[in-house]
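Engineer: File coords13.cif follows (mmCIF, C-alpha atoms):
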data_query
loop_
_atom_site.label_atom_id
_atom_site.label_comp_id
_atom_site.auth_asym_id
_atom_site.auth_seq_id
_atom_site.Cartn_x
_atom_site.Cartn_y
_atom_site.Cartn_z
CA MET Y 434 -21.47 -62.16 20.57
CA VAL Y 435 -24.96 -63.17 21.63
CA THR Y 436 -23.79 -62.51 25.19
CA LEU Y 437 -22.96 -58.91 24.26
CA GLU Y 438 -26.18 -58.51 22.29
CA LEU Y 439 -28.29 -59.76 25.20
CA SER Y 440 -26.46 -57.53 27.66
CA ILE Y 441 -26.66 -54.40 25.54
CA VAL Y 442 -30.34 -54.77 24.67
CA ALA Y 443 -31.16 -55.56 28.30
CA LEU Y 444 -29.08 -52.56 29.39
CA ILE Y 445 -31.08 -50.19 27.20
CA VAL Y 446 -34.45 -51.62 28.23
CA SER Y 447 -33.55 -51.66 31.89
CA VAL Y 448 -32.33 -48.06 31.80
CA LEU Y 449 -35.75 -47.10 30.42
CA ILE Y 450 -37.49 -49.18 33.09
CA GLY Y 451 -35.18 -47.67 35.68
CA ILE Y 452 -35.93 -44.06 34.76
CA GLY Y 453 -39.66 -44.73 34.53
CA VAL Y 454 -39.96 -46.61 37.79
CA ALA Y 455 -37.61 -44.19 39.56
CA TYR Y 456 -40.04 -41.38 38.74
CA ALA Y 457 -42.90 -43.62 39.87
CA ARG Y 458 -41.14 -44.21 43.18
CA LEU Y 459 -40.72 -40.46 43.65
CA SER Y 460 -44.34 -39.84 42.69
CA PRO Y 461 -46.54 -38.03 45.24
CA PHE Y 462 -49.30 -40.60 44.69
CA ARG Y 463 -49.00 -43.31 47.35
CA ALA Y 464 -50.42 -46.04 45.12
CA VAL Y 465 -47.92 -45.35 42.34
CA SER Y 466 -44.87 -45.10 44.56
CA GLY Y 467 -46.04 -48.11 46.56
CA ALA Y 468 -46.36 -50.26 43.45
CA ALA Y 469 -42.93 -49.15 42.24
CA THR Y 470 -41.37 -49.91 45.62
CA ALA Y 471 -43.02 -53.33 45.68
CA TYR Y 472 -41.59 -54.13 42.23
CA VAL Y 473 -38.08 -53.10 43.27
CA GLU Y 474 -38.07 -54.91 46.60
CA PHE Y 475 -39.63 -58.07 45.21
CA VAL Y 476 -37.38 -58.40 42.19
CA ARG Y 477 -34.19 -57.63 44.06
CA ASN Y 478 -34.90 -60.42 46.53
CA ILE Y 479 -35.57 -63.29 44.15
CA PRO Y 480 -33.09 -65.12 41.93
CA LEU Y 481 -32.75 -64.09 38.29
CA LEU Y 482 -32.96 -67.74 37.30
CA LEU Y 483 -36.47 -67.94 38.71
CA ILE Y 484 -37.53 -64.83 36.77
CA MET Y 485 -36.09 -66.37 33.64
CA PHE Y 486 -38.02 -69.61 34.14
CA PHE Y 487 -41.15 -67.64 34.90
CA VAL Y 488 -40.89 -65.58 31.73
CA TYR Y 489 -39.96 -68.51 29.54
CA PHE Y 490 -42.16 -71.27 30.95
CA GLY Y 491 -44.82 -69.24 32.78
CA LEU Y 492 -45.90 -66.66 30.21
CA PRO Y 493 -47.05 -69.22 27.61
CA VAL Y 494 -49.90 -70.01 30.03
CA PHE Y 495 -51.21 -66.51 29.29
CA GLN Y 496 -50.91 -67.17 25.56
CA VAL Y 497 -47.67 -65.18 25.38
CA THR Y 498 -44.96 -67.32 23.88
CA LEU Y 499 -41.55 -65.76 23.46
CA THR Y 500 -38.46 -67.01 21.72
CA GLU Y 501 -35.63 -68.02 24.05
CA ARG Y 502 -33.69 -64.91 23.26
CA LEU Y 503 -36.60 -62.55 23.80
CA ALA Y 504 -37.48 -64.28 27.07
CA ALA Y 505 -33.87 -63.92 28.22
CA VAL Y 506 -33.77 -60.22 27.35
CA LEU Y 507 -37.11 -59.62 29.05
CA ALA Y 508 -36.06 -61.46 32.23
CA LEU Y 509 -32.69 -59.70 32.34
CA SER Y 510 -34.35 -56.33 31.79
CA LEU Y 511 -36.97 -56.86 34.49
CA TYR Y 512 -34.28 -57.98 36.93
CA SER Y 513 -31.79 -55.27 36.11
CA GLY Y 514 -34.56 -52.66 35.92
CA ALA Y 515 -35.11 -52.97 39.66
CA TYR Y 516 -31.45 -52.14 40.32
CA MET Y 517 -31.54 -49.36 37.73
CA THR Y 518 -34.53 -47.85 39.52
CA GLU Y 519 -32.52 -47.47 42.69
CA ILE Y 520 -29.57 -46.07 40.77
CA PHE Y 521 -31.67 -43.46 38.97
CA ARG Y 522 -33.69 -42.60 42.06
CA ALA Y 523 -30.43 -41.79 43.85
CA GLY Y 524 -29.23 -39.86 40.80
CA ILE Y 525 -32.40 -37.77 40.52
CA LEU Y 526 -32.40 -37.04 44.24
CA ALA Y 527 -28.76 -35.99 44.03
CA ILE Y 528 -29.67 -33.09 41.74
CA GLY Y 529 -30.32 -30.03 43.84
CA ARG Y 530 -33.86 -28.79 44.37
CA GLY Y 531 -32.63 -25.41 43.09
CA GLN Y 532 -32.16 -26.84 39.61
CA VAL Y 533 -35.84 -27.79 39.43
CA GLU Y 534 -36.90 -24.43 40.83
CA ALA Y 535 -34.70 -22.63 38.29
CA GLY Y 536 -36.41 -24.63 35.56
CA GLN Y 537 -39.83 -23.68 36.91
CA ALA Y 538 -38.77 -20.02 37.06
CA LEU Y 539 -37.95 -20.23 33.35
CA GLY Y 540 -41.47 -21.51 32.74
CA LEU Y 541 -40.48 -25.04 31.70
CA THR Y 542 -43.04 -27.81 32.10
CA GLY Y 543 -42.37 -30.75 34.41
CA PHE Y 544 -41.42 -32.98 31.51
CA GLN Y 545 -39.07 -30.38 30.04
CA ILE Y 546 -37.38 -29.92 33.40
CA SER Y 547 -36.81 -33.67 33.69
CA ARG Y 548 -35.54 -34.06 30.17
CA THR Y 549 -33.32 -31.01 29.80
CA VAL Y 550 -32.29 -30.13 33.36
CA VAL Y 551 -32.47 -33.03 35.80
CA LEU Y 552 -31.78 -36.17 33.76
CA PRO Y 553 -28.66 -34.95 31.92
CA GLN Y 554 -27.08 -34.05 35.25
CA ALA Y 555 -28.38 -37.19 36.97
CA PHE Y 556 -26.92 -39.28 34.17
CA ARG Y 557 -23.46 -37.97 34.95
CA VAL Y 558 -23.92 -38.77 38.65
CA VAL Y 559 -25.07 -42.32 38.05
CA LEU Y 560 -22.56 -43.23 35.33
CA PRO Y 561 -20.21 -45.23 37.60
CA ALA Y 562 -23.12 -47.17 39.12
CA LEU Y 563 -24.56 -47.68 35.64
CA GLY Y 564 -21.25 -49.14 34.51
CA ASN Y 565 -21.19 -51.60 37.42
CA GLN Y 566 -24.72 -52.65 36.57
CA PHE Y 567 -23.75 -53.20 32.93
CA ILE Y 568 -20.89 -55.44 34.05
CA SER Y 569 -23.32 -57.38 36.26
CA LEU Y 570 -25.62 -57.72 33.27
CA ILE Y 571 -22.85 -59.20 31.12
CA LYS Y 572 -22.21 -61.78 33.82
CA ASP Y 573 -25.90 -62.40 34.51
CA SER Y 574 -26.57 -62.99 30.81
CA SER Y 575 -24.79 -66.33 31.32
CA LEU Y 576 -27.98 -67.55 33.00
CA ALA Y 577 -29.71 -67.48 29.64
CA VAL Y 578 -27.99 -70.81 29.10
CA ALA Y 579 -30.65 -72.31 31.37
CA ILE Y 580 -33.32 -71.62 28.77
CA SER Y 581 -30.89 -72.67 26.03
CA VAL Y 582 -30.07 -69.35 24.45
CA ARG Y 583 -26.88 -69.88 22.46
CA GLU Y 584 -24.64 -67.41 24.26
CA LEU Y 585 -21.06 -67.75 25.48
CA THR Y 586 -21.70 -70.15 28.36
CA TYR Y 587 -23.93 -72.31 26.14
CA ALA Y 588 -21.04 -72.55 23.69
CA ALA Y 589 -18.83 -73.77 26.53
CA VAL Y 590 -21.32 -76.43 27.55
CA ARG Y 591 -21.61 -77.65 23.96
CA ILE Y 592 -17.85 -77.78 23.42
CA ASN Y 593 -17.55 -79.81 26.61
CA ASP Y 594 -20.10 -82.31 25.37
CA ILE Y 595 -17.81 -82.95 22.43
CA SER Y 596 -14.31 -82.55 23.81
CA TRP Y 597 -14.52 -83.22 27.57
CA ARG Y 598 -11.70 -80.73 28.10
CA ILE Y 599 -13.70 -79.19 30.90
CA VAL Y 600 -11.11 -77.25 32.85
CA GLU Y 601 -9.55 -75.75 29.73
CA VAL Y 602 -12.86 -74.74 28.18
CA TYR Y 603 -14.33 -73.11 31.28
CA SER Y 604 -11.03 -71.36 32.03
CA VAL Y 605 -10.97 -69.89 28.53
CA ILE Y 606 -14.63 -68.84 28.79
CA ALA Y 607 -13.98 -67.26 32.20
CA GLY Y 608 -11.03 -65.45 30.62
CA MET Y 609 -13.27 -64.14 27.83
CA TYR Y 610 -15.81 -62.78 30.30
CA LEU Y 611 -12.92 -61.19 32.23
CA VAL Y 612 -11.58 -59.49 29.11
CA VAL Y 613 -15.02 -58.13 28.22
CA THR Y 614 -15.85 -56.90 31.72
CA TYR Y 615 -12.42 -55.31 32.12
CA ALA Y 616 -12.70 -53.63 28.73
CA VAL Y 617 -16.09 -52.20 29.74
CA ALA Y 618 -14.77 -51.05 33.11
CA PHE Y 619 -11.78 -49.43 31.43
CA GLY Y 620 -13.91 -47.73 28.76
CA LEU Y 621 -16.27 -46.39 31.40
CA ARG Y 622 -13.43 -44.92 33.41
CA GLY Y 623 -12.32 -43.15 30.24
CA LEU Y 624 -15.85 -41.86 29.63
CA GLU Y 625 -16.14 -40.61 33.20
CA GLY Y 626 -12.82 -38.83 32.83
CA ALA Y 627 -13.88 -37.20 29.56
CA LEU Y 628 -17.19 -36.03 31.05
CA ARG Y 629 -15.42 -34.60 34.09
CA LYS Y 630 -13.03 -32.68 31.90
CA ARG Y 631 -15.90 -31.19 29.90
CA SER Y 632 -17.85 -29.96 32.90
CA MET M 1356 -55.24 -69.23 40.49
CA ASP M 1357 -55.02 -72.71 41.85
CA VAL M 1358 -53.41 -72.87 45.27
CA THR M 1359 -53.85 -76.59 45.73
CA VAL M 1360 -51.00 -77.20 43.26
CA VAL M 1361 -48.69 -75.35 45.60
CA VAL M 1362 -49.91 -77.32 48.59
CA ASP M 1363 -49.27 -80.56 46.73
CA GLY M 1364 -45.94 -79.30 45.46
CA TRP M 1365 -44.83 -78.48 48.99
CA ARG M 1366 -43.82 -82.12 49.50
CA LEU M 1367 -40.96 -81.51 47.06
CA MET M 1368 -40.50 -77.78 47.51
CA GLY M 1369 -40.21 -77.95 51.30
CA PRO M 1370 -37.07 -80.12 51.20
CA GLY M 1371 -35.91 -77.90 48.33
CA LEU M 1372 -36.22 -74.83 50.53
CA ALA M 1373 -34.32 -76.65 53.29
CA MET M 1374 -31.55 -77.46 50.80
CA THR M 1375 -31.40 -73.83 49.68
CA LEU M 1376 -31.00 -72.76 53.31
CA LEU M 1377 -28.39 -75.47 53.99
CA VAL M 1378 -26.36 -74.47 50.93
CA SER M 1379 -26.61 -70.77 51.78
CA VAL M 1380 -25.55 -71.23 55.40
CA SER M 1381 -22.60 -73.48 54.51
CA VAL M 1382 -21.53 -71.06 51.80
CA MET M 1383 -21.67 -68.08 54.14
CA ILE M 1384 -19.55 -69.90 56.75
CA LEU M 1385 -16.98 -70.84 54.10
CA GLY M 1386 -17.17 -67.39 52.49
CA LEU M 1387 -16.68 -65.57 55.79
CA GLY M 1388 -13.60 -67.72 56.51
CA ILE M 1389 -12.09 -67.10 53.07
CA GLY M 1390 -13.11 -63.44 53.13
CA LEU M 1391 -11.54 -62.71 56.51
CA LEU M 1392 -8.26 -64.38 55.52
CA GLY M 1393 -8.37 -62.84 52.04
CA GLY M 1394 -9.16 -59.34 53.27
CA LEU M 1395 -6.40 -59.41 55.89
CA THR M 1396 -3.93 -60.76 53.32
CA LEU M 1397 -4.84 -57.99 50.88
CA LEU M 1398 -4.01 -55.45 53.58
CA TYR M 1399 -1.12 -56.92 55.54
CA GLY M 1400 0.06 -59.99 53.64
CA PRO M 1401 3.49 -60.42 52.08
CA ARG M 1402 3.67 -59.08 48.57
CA LEU M 1403 3.45 -62.39 46.75
CA MET M 1404 0.42 -63.53 48.78
CA ARG M 1405 -1.21 -60.19 48.17
CA LEU M 1406 -0.82 -60.62 44.44
CA VAL M 1407 -2.25 -64.14 44.57
CA VAL M 1408 -5.31 -63.03 46.56
CA ARG M 1409 -5.78 -59.97 44.33
CA GLY M 1410 -5.72 -62.27 41.30
CA TYR M 1411 -8.26 -64.62 42.90
CA VAL M 1412 -10.60 -61.80 43.92
CA ASP M 1413 -10.47 -60.06 40.53
CA PHE M 1414 -10.88 -63.31 38.63
CA VAL M 1415 -13.94 -64.37 40.62
CA ARG M 1416 -15.56 -60.94 40.55
CA GLY M 1417 -15.04 -60.66 36.82
CA THR M 1418 -16.52 -64.02 35.81
CA PRO M 1419 -20.18 -64.98 35.92
CA LEU M 1420 -21.10 -67.06 38.96
CA LEU M 1421 -22.52 -69.72 36.68
CA VAL M 1422 -19.22 -70.15 34.82
CA LEU M 1423 -17.44 -70.36 38.18
CA ILE M 1424 -19.86 -73.05 39.32
CA PHE M 1425 -19.39 -75.06 36.11
CA LEU M 1426 -15.61 -74.62 36.30
CA ILE M 1427 -15.32 -75.90 39.87
CA PHE M 1428 -18.16 -78.43 39.77
CA TYR M 1429 -16.94 -80.16 36.61
CA GLY M 1430 -13.32 -79.08 36.95
CA ILE M 1431 -12.45 -80.66 40.31
CA PRO M 1432 -13.48 -84.19 39.29
CA ALA M 1433 -11.80 -83.68 35.89
CA VAL M 1434 -8.40 -83.21 37.53
CA GLY M 1435 -8.99 -86.42 39.47
CA ILE M 1436 -10.29 -85.31 42.86
CA PRO M 1437 -13.62 -86.95 43.65
CA VAL M 1438 -15.91 -84.77 45.77
CA PRO M 1439 -19.61 -85.16 46.49
CA ASN M 1440 -21.87 -82.88 44.44
CA PHE M 1441 -23.02 -80.93 47.47
CA VAL M 1442 -19.44 -80.18 48.54
CA ALA M 1443 -18.46 -79.06 45.02
CA ALA M 1444 -21.50 -76.77 44.87
CA VAL M 1445 -20.68 -75.24 48.26
CA ILE M 1446 -17.03 -74.75 47.30
CA SER M 1447 -17.92 -72.95 44.09
CA LEU M 1448 -20.44 -70.61 45.74
CA GLY M 1449 -18.03 -70.24 48.68
CA ALA M 1450 -15.28 -69.11 46.31
CA PHE M 1451 -17.67 -66.47 45.00
CA ALA M 1452 -18.75 -65.30 48.46
CA GLY M 1453 -15.13 -65.41 49.67
CA ALA M 1454 -13.99 -63.04 46.93
CA GLN M 1455 -16.83 -60.59 47.62
CA ILE M 1456 -16.24 -60.68 51.37
CA SER M 1457 -12.45 -60.26 50.96
CA GLU M 1458 -13.14 -56.92 49.33
CA LEU M 1459 -15.66 -55.98 52.04
CA VAL M 1460 -13.19 -56.83 54.82
CA ARG M 1461 -10.43 -54.90 53.09
CA GLY M 1462 -12.68 -51.90 52.53
CA GLY M 1463 -14.11 -52.01 56.06
CA ILE M 1464 -10.72 -52.15 57.75
CA SER M 1465 -9.11 -49.51 55.57
CA SER M 1466 -12.06 -47.17 56.20
CA ILE M 1467 -11.06 -46.94 59.88
CA PRO M 1468 -9.06 -43.73 60.31
CA ARG M 1469 -5.31 -44.11 60.57
CA GLY M 1470 -5.41 -42.24 63.90
CA GLN M 1471 -7.04 -45.25 65.58
CA THR M 1472 -4.05 -47.44 64.74
CA ASP M 1473 -1.65 -44.69 65.75
CA ALA M 1474 -3.42 -44.26 69.08
CA ALA M 1475 -3.26 -48.01 69.72
CA MET M 1476 0.45 -47.95 68.86
CA ALA M 1477 0.98 -45.09 71.27
CA LEU M 1478 -0.61 -47.26 73.97
CA GLY M 1479 2.02 -49.89 73.20
CA MET M 1480 -0.34 -52.43 71.61
CA THR M 1481 1.21 -54.92 69.22
CA PHE M 1482 -0.20 -55.82 65.79
CA TRP M 1483 -2.83 -58.44 66.68
CA PRO M 1484 -4.36 -56.72 69.74
CA ARG M 1485 -4.43 -53.53 67.67
CA LEU M 1486 -6.33 -55.32 64.95
CA THR M 1487 -8.69 -57.44 67.04
CA GLN M 1488 -9.43 -54.96 69.83
CA VAL M 1489 -9.34 -51.61 68.08
CA VAL M 1490 -9.73 -51.78 64.31
CA ILE M 1491 -11.94 -54.82 63.64
CA PRO M 1492 -14.70 -54.00 66.17
CA GLN M 1493 -15.15 -50.66 64.43
CA ALA M 1494 -14.87 -52.16 60.97
CA VAL M 1495 -17.65 -54.69 61.71
CA ALA M 1496 -20.22 -51.92 62.01
CA ARG M 1497 -19.29 -50.59 58.58
CA THR M 1498 -19.03 -53.98 56.89
CA LEU M 1499 -22.40 -55.29 58.06
CA PRO M 1500 -24.68 -53.54 55.52
CA PRO M 1501 -22.76 -54.74 52.45
CA LEU M 1502 -22.38 -58.14 54.11
CA VAL M 1503 -26.16 -58.42 54.31
CA ASN M 1504 -26.27 -57.65 50.56
CA THR M 1505 -23.74 -60.40 49.91
CA THR M 1506 -25.84 -62.83 51.97
CA VAL M 1507 -28.89 -62.00 49.84
CA GLU M 1508 -26.72 -62.49 46.73
CA VAL M 1509 -25.67 -65.91 48.06
CA VAL M 1510 -29.26 -67.01 48.72
CA LYS M 1511 -30.17 -65.94 45.19
CA GLY M 1512 -26.96 -67.43 43.79
CA SER M 1513 -27.79 -70.77 45.39
CA SER M 1514 -30.52 -71.09 42.76
CA LEU M 1515 -27.74 -71.60 40.22
CA VAL M 1516 -26.61 -74.90 41.72
CA SER M 1517 -29.90 -76.26 40.40
CA LEU M 1518 -28.09 -76.34 37.04
CA VAL M 1519 -25.58 -78.83 38.43
CA SER M 1520 -28.45 -80.95 39.73
CA ILE M 1521 -28.50 -80.08 43.41
CA VAL M 1522 -32.18 -80.33 44.28
CA GLU M 1523 -32.71 -76.98 45.99
CA LEU M 1524 -35.77 -74.75 45.80
CA THR M 1525 -35.46 -73.81 42.12
CA LEU M 1526 -34.86 -77.34 40.86
CA ALA M 1527 -37.54 -78.75 43.17
CA THR M 1528 -39.98 -76.19 41.72
CA GLU M 1529 -38.87 -77.18 38.22
CA GLN M 1530 -39.58 -80.82 38.98
CA VAL M 1531 -43.05 -80.08 40.31
CA VAL M 1532 -43.74 -77.85 37.29
CA GLN M 1533 -42.75 -80.63 34.95
CA ARG M 1534 -45.02 -83.05 36.74
CA VAL M 1535 -48.17 -80.96 37.04
CA GLN M 1536 -47.67 -78.43 34.21
CA ARG M 1537 -48.79 -75.47 36.26
CA PRO M 1538 -45.85 -73.08 36.09
CA VAL M 1539 -47.43 -69.80 37.21
CA PRO M 1540 -48.62 -70.55 40.77
CA LEU M 1541 -45.56 -72.68 41.48
CA TYR M 1542 -43.00 -70.11 40.32
CA ILE M 1543 -44.81 -67.41 42.24
CA ALA M 1544 -44.76 -69.60 45.36
CA ALA M 1545 -41.03 -70.21 44.94
CA ALA M 1546 -40.40 -66.49 44.40
CA LEU M 1547 -42.33 -65.70 47.58
CA MET M 1548 -40.24 -68.21 49.52
CA TYR M 1549 -37.01 -66.61 48.31
CA PHE M 1550 -38.43 -63.22 49.11
CA VAL M 1551 -39.35 -64.21 52.66
CA VAL M 1552 -35.92 -65.74 53.29
CA ASN M 1553 -34.14 -62.64 52.02
CA PHE M 1554 -36.52 -60.36 53.87
CA ILE M 1555 -35.65 -62.16 57.10
CA VAL M 1556 -31.94 -61.91 56.26
CA SER M 1557 -32.09 -58.17 55.61
CA SER M 1558 -34.27 -57.31 58.61
CA GLY M 1559 -32.05 -59.49 60.82
CA GLY M 1560 -29.09 -57.62 59.35
CA ARG M 1561 -30.62 -54.27 60.22
CA ARG M 1562 -31.18 -55.42 63.80
CA LEU M 1563 -27.54 -56.52 64.05
CA GLU M 1564 -26.43 -53.17 62.62
CA ARG M 1565 -28.24 -51.35 65.39
CA ARG M 1566 -26.50 -53.49 67.97
CA PHE M 1567 -23.05 -52.84 66.51
CA ALA M 1568 -23.60 -49.13 65.97
CA PHE M 1569 -21.63 -47.06 68.46
#
How does this structure look as structure tokens?

Structural biologist:
Amino acid sequence: MVTLELSIVALIVSVLIGIGVAYARLSPFRAVSGAATAYVEFVRNIPLLLIMFFVYFGLPVFQVTLTERLAAVLALSLYSGAYMTEIFRAGILAIGRGQVEAGQALGLTGFQISRTVVLPQAFRVVLPALGNQFISLIKDSSLAVAISVRELTYAAVRINDISWRIVEVYSVIAGMYLVVTYAVAFGLRGLEGALRKRS
Amino acid sequence: MDVTVVVDGWRLMGPGLAMTLLVSVSVMILGLGIGLLGGLTLLYGPRLMRLVVRGYVDFVRGTPLLVLIFLIFYGIPAVGIPVPNFVAAVISLGAFAGAQISELVRGGISSIPRGQTDAAMALGMTFWPRLTQVVIPQAVARTLPPLVNTTVEVVKGSSLVSLVSIVELTLATEQVVQRVQRPVPLYIAAALMYFVVNFIVSSGGRRLERRFAF
């Protein structure tokens, strides 16, 4: 359950990061888009485990001490946020320029255009990619075991310490992850279908 | 920020980086072998084999890499086969890379238009020449970009074998951090090393892509 909680919270935070940084990347100001690009490229090229260690062991140096769970969520969100940025950037760019111009013609402000015209359509475009990223997040949340968050993989490690039935335990745990990821994939396909029918 | 810590730490982190590279290269060789066989089986294999490979690919892609590593690393010795730690680590990451690459190979080959195979058939080519001389050379160009992504994933994934006590870059950094208690500069240095490795991988990949582009 902690696995799901971590993944869902990180999903929400990283979607917010993704939308924000995607707009930053598309910004006309070189400094802003440059910083956003640097964040995306840097984070996508380093291991999540390292980010997790940095957040958990590194931040206390700056007098910021987080609980294991919060550190895990933060690390997962930062990591996934970089991927989300690319997903949303593609989604926003996929919406025709005409949509924005139509919004301007109606006298909407930039923020209103984003919120009511571009993002709702972009969301539909990015839904499959968003689903894949959520599945990756569920799997990546297993790394929280390294900073001893008591999620699914941690449970497996603990059971093994007691029972030594290693193959059985890890097979069952792998099966549980499979069931969850398949359920999510299946649910998303249903959601995509429903959205397509409505439009 | 104190850079001298990093310079001192290099004595441990340098060999760590070398281990990360060694693991990644071995894994990619193993993964490419598995992936090529797996991808071809998914497309042309007998039905039973196809099902087996499909099961393997879906299982691996649906489980976290860490669980896979624990399963193989602790599982192989548990069923009575002794293997060195390094080999077990490479096998578990190789199984992951193999599953990813199987899908890439399958996708790359099936993206080549049917007409190419038909044309080769019309020229009287048999199955293997058709595959190796007509279809695969074209498929390589399309498979390279996602293959570069998988390579980056493998380099990043190799950090996970630190949790089964292979002293690669992440674990080496951990050890230095524990000794000198200066996490920030050391983690940043490690992150930069990963970044540089992956940057070289992706720019090398782009260069290869240009060469294979028709």

Engineer: Using only C-alpha atoms, which of Y:Tyr610, Y:Phe556, Y:Tyr587, Y:Tyr512 sits nearest Y:Leu483?

Structural biologist: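 Nearest to Y:Leu483: Y:Tyr512.
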
Engineer: Under the rule of at most 8 Å, produce a per-residue listing of chain Y near chain M: chain, number, name, the closest pair of atoms, and the distance in Å, as CSV, using all atoms listed in the file.

Structural biologist:
residue,atom,partner,partner_atom,distance
Y:Phe475,CA,M:Phe1550,CA,6.6
Y:Asn478,CA,M:Phe1550,CA,5.2
Y:Ile479,CA,M:Tyr1549,CA,5.5
Y:Pro480,CA,M:Lys1511,CA,4.5
Y:Leu481,CA,M:Lys1511,CA,7.6
Y:Leu482,CA,M:Ser1514,CA,6.9
Y:Leu483,CA,M:Thr1525,CA,6.9
Y:Phe486,CA,M:Tyr1542,CA,8.0
Y:Phe487,CA,M:Tyr1542,CA,6.2
Y:Phe490,CA,M:Pro1538,CA,6.6
Y:Gly491,CA,M:Val1539,CA,5.2
Y:Leu492,CA,M:Val1539,CA,7.8
Y:Val494,CA,M:Val1539,CA,7.6
Y:Ile571,CA,M:Pro1419,CA,8.0
Y:Lys572,CA,M:Pro1419,CA,4.3
Y:Asp573,CA,M:Pro1419,CA,6.4
Y:Ser575,CA,M:Pro1419,CA,6.7
Y:Leu576,CA,M:Leu1421,CA,6.9
Y:Ala579,CA,M:Leu1518,CA,7.4
Y:Thr586,CA,M:Val1422,CA,6.9
Y:Ile599,CA,M:Gly1430,CA,6.1
Y:Val600,CA,M:Gly1430,CA,5.0
Y:Tyr603,CA,M:Leu1426,CA,5.4
Y:Ser604,CA,M:Leu1426,CA,7.1
Y:Ile606,CA,M:Val1422,CA,7.7
Y:Ala607,CA,M:Thr1418,CA,5.5
Y:Gly608,CA,M:Thr1418,CA,7.7
Y:Tyr610,CA,M:Thr1418,CA,5.7
Y:Leu611,CA,M:Gly1417,CA,5.1
Y:Thr614,CA,M:Gly1417,CA,6.4
Y:Tyr615,CA,M:Gly1417,CA,7.6

Engineer: Using all atoms listed in the file, can you list as a list of chain:residue names the residues within 8 Å of (-17.4, -54.3, 69.0)?

Structural biologist: M:Ile1491, M:Pro1492, M:Gln1493, M:Val1495, M:Ala1496, M:Phe1567

Engineer: Apply the PyMOL selection byres ((chain Y and resi 562) around 12) to the displayed file and report the matching residues as a ChimeraX atom specification.

Structural biologist: /Y:448,516-524,555-561,563-569,618,621-622,625

Engineer: Using C-alpha atoms, can you write the selected residues to a file as a PDB file, in the coordinates of the input?

Structural biologist:
ATOM      1  CA  VAL Y 448     -32.330 -48.060  31.800  1.00  0.00           C
ATOM      2  CA  TYR Y 516     -31.450 -52.140  40.320  1.00  0.00           C
ATOM      3  CA  MET Y 517     -31.540 -49.360  37.730  1.00  0.00           C
ATOM      4  CA  THR Y 518     -34.530 -47.850  39.520  1.00  0.00           C
ATOM      5  CA  GLU Y 519     -32.520 -47.470  42.690  1.00  0.00           C
ATOM      6  CA  ILE Y 520     -29.570 -46.070  40.770  1.00  0.00           C
ATOM      7  CA  PHE Y 521     -31.670 -43.460  38.970  1.00  0.00           C
ATOM      8  CA  ARG Y 522     -33.690 -42.600  42.060  1.00  0.00           C
ATOM      9  CA  ALA Y 523     -30.430 -41.790  43.850  1.00  0.00           C
ATOM     10  CA  GLY Y 524     -29.230 -39.860  40.800  1.00  0.00           C
ATOM     11  CA  ALA Y 555     -28.380 -37.190  36.970  1.00  0.00           C
ATOM     12  CA  PHE Y 556     -26.920 -39.280  34.170  1.00  0.00           C
ATOM     13  CA  ARG Y 557     -23.460 -37.970  34.950  1.00  0.00           C
ATOM     14  CA  VAL Y 558     -23.920 -38.770  38.650  1.00  0.00           C
ATOM     15  CA  VAL Y 559     -25.070 -42.320  38.050  1.00  0.00           C
ATOM     16  CA  LEU Y 560     -22.560 -43.230  35.330  1.00  0.00           C
ATOM     17  CA  PRO Y 561     -20.210 -45.230  37.600  1.00  0.00           C
ATOM     18  CA  LEU Y 563     -24.560 -47.680  35.640  1.00  0.00           C
ATOM     19  CA  GLY Y 564     -21.250 -49.140  34.510  1.00  0.00           C
ATOM     20  CA  ASN Y 565     -21.190 -51.600  37.420  1.00  0.00           C
ATOM     21  CA  GLN Y 566     -24.720 -52.650  36.570  1.00  0.00           C
ATOM     22  CA  PHE Y 567     -23.750 -53.200  32.930  1.00  0.00           C
ATOM     23  CA  ILE Y 568     -20.890 -55.440  34.050  1.00  0.00           C
ATOM     24  CA  SER Y 569     -23.320 -57.380  36.260  1.00  0.00           C
ATOM     25  CA  ALA Y 618     -14.770 -51.050  33.110  1.00  0.00           C
ATOM     26  CA  LEU Y 621     -16.270 -46.390  31.400  1.00  0.00           C
ATOM     27  CA  ARG Y 622     -13.430 -44.920  33.410  1.00  0.00           C
ATOM     28  CA  GLU Y 625     -16.140 -40.610  33.200  1.00  0.00           C
TER      29      GLU Y 625
END

Engineer: Enter the distance from atom CA of Y:Val582 to atom CA of Y:Val435, in Å, rounded to one decimal.

Structural biologist: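 Atom CA of Y:Val435 lies at a distance of 8.5 Å from atom CA of Y:Val582.
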